[in-house]
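Peer 1: One structure, pasted below without further comment.
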Amino acid sequence: MDILYFVFAAATGIAAALASIAIWAPRPTRVRVAAVVITTLFIPVVYVQLVEMLSKPKPMSFEWYQRATKKAVLLGVSLHEKESIYLWLRPAGATEPRYYVVPWNVALAEKLQNAVRQAVRGNSTVVLEDPFSRRSLEEWGNLSVDIVPPPMLPMKKPPPLPPRIFNPRGEDI
């Protein structure tokens, strides 16, 4: 979401630069007024489009900023047969999840479905190894899917003294 502000500011700056060039160019007045009106209409359209893109899944091949990420936790998967596979991932080191789409691949769909079932049974986490590397459509079935069991809790130390048991008929209270 943070990058949205920078992209919008860059688009607004570019539109303003183009409008200023159009205004100072030796053109008829109506052309210069049209340039300012088009710029004024362009800015809200860019904002609406950027906000709308936030809810759409990004093709996994378009991931550039997280390309070097070696692991990502699979938070959810939605399979649409013969169309696409939608993944909700949290890349390693990121705090917020990301929404991706990959082309339909039967091997990948079966692998993800089996991994999610096993993870639910074992109260585990599904981790994808190197999910953003460039792959051809046939190679998506070779995606490395690991099931990570939950961490073991530390053992509790036994109490140092034997427990005291209250005897209602005894003299000690």
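In the structure tokens, each chain is lettered A, B, ... as it comes, each chain's residues begin at 1, and ligands are numbered from 1 in order of appearance.
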Which residues, written as number ranges by chain, have at least one atom at most 8 Å from A:Ser144, with only C-alpha atoms counted and residues fewer than 3 positions away on the same chain left out?
Peer 2: A: 128-130
Peer 1: Under the rule of at most 7 Å, produce a per-residue listing of stretch 84-107 of chain A near stretch 63-80 of chain A: chain, number, name, the closest pair of atoms, and the distance in Å, as a Markdown table, using only C-alpha atoms.
Peer 2:
| residue | atom | partner | partner_atom | distance |
| --- | --- | --- | --- | --- |
| A:Ser84 | CA | A:His80 | CA | 5.4 |
| A:Ile85 | CA | A:Leu79 | CA | 4.8 |
| A:Tyr86 | CA | A:Ser78 | CA | 5.0 |
| A:Leu87 | CA | A:Val77 | CA | 4.7 |
| A:Trp88 | CA | A:Gly76 | CA | 5.0 |
| A:Leu89 | CA | A:Leu74 | CA | 4.8 |
| A:Arg90 | CA | A:Val73 | CA | 5.2 |
| A:Pro91 | CA | A:Ala72 | CA | 4.1 |
| A:Ala92 | CA | A:Ala72 | CA | 5.4 |
Peer 1: Would you put the residues from that selection into a file with N, CA and C atoms, as a compact mmCIF listing (two decimals), in the first residue's frame?
Peer 2:
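Saved as out10.txt:
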# COMPACT_ATOMS: atom_id res chain seq x y z
N SER A 84 -7.20 -21.03 -13.57
CA SER A 84 -6.07 -20.48 -12.83
C SER A 84 -6.08 -20.98 -11.39
N ILE A 85 -4.97 -20.71 -10.72
CA ILE A 85 -4.81 -21.03 -9.30
C ILE A 85 -4.52 -19.71 -8.59
N TYR A 86 -5.32 -19.40 -7.59
CA TYR A 86 -5.14 -18.16 -6.83
C TYR A 86 -4.47 -18.49 -5.51
N LEU A 87 -3.39 -17.77 -5.21
CA LEU A 87 -2.61 -18.02 -4.00
C LEU A 87 -2.57 -16.77 -3.13
N TRP A 88 -2.70 -17.00 -1.85
CA TRP A 88 -2.54 -15.91 -0.88
C TRP A 88 -1.27 -16.23 -0.11
N LEU A 89 -0.21 -15.47 -0.35
CA LEU A 89 1.11 -15.77 0.21
C LEU A 89 1.60 -14.64 1.10
N ARG A 90 2.43 -15.02 2.10
CA ARG A 90 3.17 -14.02 2.88
C ARG A 90 4.64 -14.32 2.65
N PRO A 91 5.30 -13.49 1.83
CA PRO A 91 6.73 -13.71 1.58
C PRO A 91 7.53 -13.56 2.88
N ALA A 92 8.65 -14.25 2.94
CA ALA A 92 9.52 -14.18 4.11
C ALA A 92 9.97 -12.75 4.32
Peer 1: Enter the distance from atom CA of A:Pro131 to atom CA of A:Ser61, in Å, rounded to one decimal.
Peer 2: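 Atom CA of A:Ser61 lies 9.7 Å from atom CA of A:Pro131.
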Peer 1: From a DSSP calculation on the backbone, collect every residue of stretch 5-165 of chain A in helix (DSSP H, G or I) and output the set as a VMD selection string.
Peer 2: chain A and resid 5 to 24 29 to 53 60 to 62 106 to 121 137 to 142
Peer 1: Could you give me, as CSV, every stretch 28-146 of chain A residue with an atom at most 12 Å from stretch 151-172 of chain A, plus its closest atom pair and distance in Å to one decimal, counting only C-alpha atoms, rows ordered by chain then number?
Peer 2:
residue,atom,partner,partner_atom,distance
A:Gly122,CA,A:Pro151,CA,11.9
A:Asn123,CA,A:Pro151,CA,10.5
A:Ser124,CA,A:Pro151,CA,9.2
A:Thr125,CA,A:Pro151,CA,10.4
Peer 1: Quick one: residues within 10 Å of stretch 11-14 of chain A, only C-alpha atoms, excluding same-chain residues fewer than 5 positions away - as an MDAnalysis selection string?
Peer 2: chainID A and resid 5:6 19:20 39:40 42:44 46:47
Peer 1: Would you give me, as an MDAnalysis selection string, the residues in stretch 56-169 of chain A that DSSP reads as strand (DSSP E)?
Peer 2: chainID A and resid 58:59 71:80 84:91 98:103 125:129 144:148
Peer 1: Store the residues of this selection in a file with C-alpha atoms, as an mmCIF file, in the first residue's frame.
Peer 2:
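Wrote it out as part-v3.cif, contents follow:
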data_model
loop_
_atom_site.group_PDB
_atom_site.id
_atom_site.type_symbol
_atom_site.label_atom_id
_atom_site.label_comp_id
_atom_site.auth_asym_id
_atom_site.auth_seq_id
_atom_site.Cartn_x
_atom_site.Cartn_y
_atom_site.Cartn_z
ATOM 1 C CA LYS A 58 -1.128 -10.086 -9.443
ATOM 2 C CA PRO A 59 0.308 -12.656 -11.865
ATOM 3 C CA LYS A 71 10.392 -18.747 0.931
ATOM 4 C CA ALA A 72 6.755 -17.758 1.242
ATOM 5 C CA VAL A 73 4.072 -19.058 3.601
ATOM 6 C CA LEU A 74 0.920 -20.246 1.852
ATOM 7 C CA LEU A 75 -2.051 -18.731 3.684
ATOM 8 C CA GLY A 76 -4.757 -19.801 1.257
ATOM 9 C CA VAL A 77 -5.367 -21.302 -2.158
ATOM 10 C CA SER A 78 -8.341 -21.235 -4.508
ATOM 11 C CA LEU A 79 -8.427 -23.587 -7.486
ATOM 12 C CA HIS A 80 -10.457 -22.724 -10.572
ATOM 13 C CA SER A 84 -6.070 -20.482 -12.830
ATOM 14 C CA ILE A 85 -4.810 -21.033 -9.305
ATOM 15 C CA TYR A 86 -5.143 -18.155 -6.832
ATOM 16 C CA LEU A 87 -2.609 -18.024 -4.001
ATOM 17 C CA TRP A 88 -2.543 -15.914 -0.880
ATOM 18 C CA LEU A 89 1.115 -15.769 0.209
ATOM 19 C CA ARG A 90 3.165 -14.024 2.877
ATOM 20 C CA PRO A 91 6.732 -13.707 1.583
ATOM 21 C CA ARG A 98 -0.031 -10.775 -1.098
ATOM 22 C CA TYR A 99 -2.557 -12.100 -3.617
ATOM 23 C CA TYR A 100 -1.215 -13.892 -6.710
ATOM 24 C CA VAL A 101 -2.523 -15.846 -9.670
ATOM 25 C CA VAL A 102 -0.710 -18.566 -11.598
ATOM 26 C CA PRO A 103 -1.816 -20.341 -14.764
ATOM 27 C CA THR A 125 2.241 -24.499 7.864
ATOM 28 C CA VAL A 126 2.719 -24.817 4.097
ATOM 29 C CA VAL A 127 5.876 -23.085 2.826
ATOM 30 C CA LEU A 128 6.690 -22.576 -0.860
ATOM 31 C CA GLU A 129 10.397 -22.618 -1.750
ATOM 32 C CA SER A 144 8.805 -27.063 -4.002
ATOM 33 C CA VAL A 145 6.085 -27.265 -1.340
ATOM 34 C CA ASP A 146 7.154 -28.002 2.249
ATOM 35 C CA ILE A 147 4.999 -28.666 5.280
ATOM 36 C CA VAL A 148 6.547 -27.164 8.408
#
Peer 1: Quick check, in Å to one decimal: how far apart do atom CA of A:Ile21 and atom CA of A:Val7 lie?
Peer 2: 21.1 Å
Peer 1: One decimal, in Å: what's the spacing between atom CA of A:Pro57 and atom CA of A:Leu41?
Peer 2: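 Taking atom CA of A:Pro57 and atom CA of A:Leu41, their separation equals 26.7 Å.
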Peer 1: Do you know which residues are at most 10 Å from A:Glu139 counting only C-alpha atoms, after dropping those on the same chain fewer than 6 positions away, and could you put them as a PyMOL selection string?
Peer 2: chain A and resi 105+107-108
Peer 1: Using only N, CA and C atoms, please write the residues we just selected to a file, as an mmCIF file, in the first residue's frame.
Peer 2:
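Once written, out.cif looks like this:
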data_model
loop_
_atom_site.group_PDB
_atom_site.id
_atom_site.type_symbol
_atom_site.label_atom_id
_atom_site.label_comp_id
_atom_site.auth_asym_id
_atom_site.auth_seq_id
_atom_site.Cartn_x
_atom_site.Cartn_y
_atom_site.Cartn_z
ATOM 1 N N ASN A 105 -2.314 -25.489 -13.688
ATOM 2 C CA ASN A 105 -1.405 -26.610 -13.859
ATOM 3 C C ASN A 105 -1.911 -27.715 -12.951
ATOM 4 N N ALA A 107 -0.608 -30.600 -12.022
ATOM 5 C CA ALA A 107 0.362 -31.104 -11.040
ATOM 6 C C ALA A 107 0.486 -30.146 -9.857
ATOM 7 N N LEU A 108 0.558 -28.853 -10.126
ATOM 8 C CA LEU A 108 0.658 -27.870 -9.045
ATOM 9 C C LEU A 108 -0.614 -27.843 -8.210
#
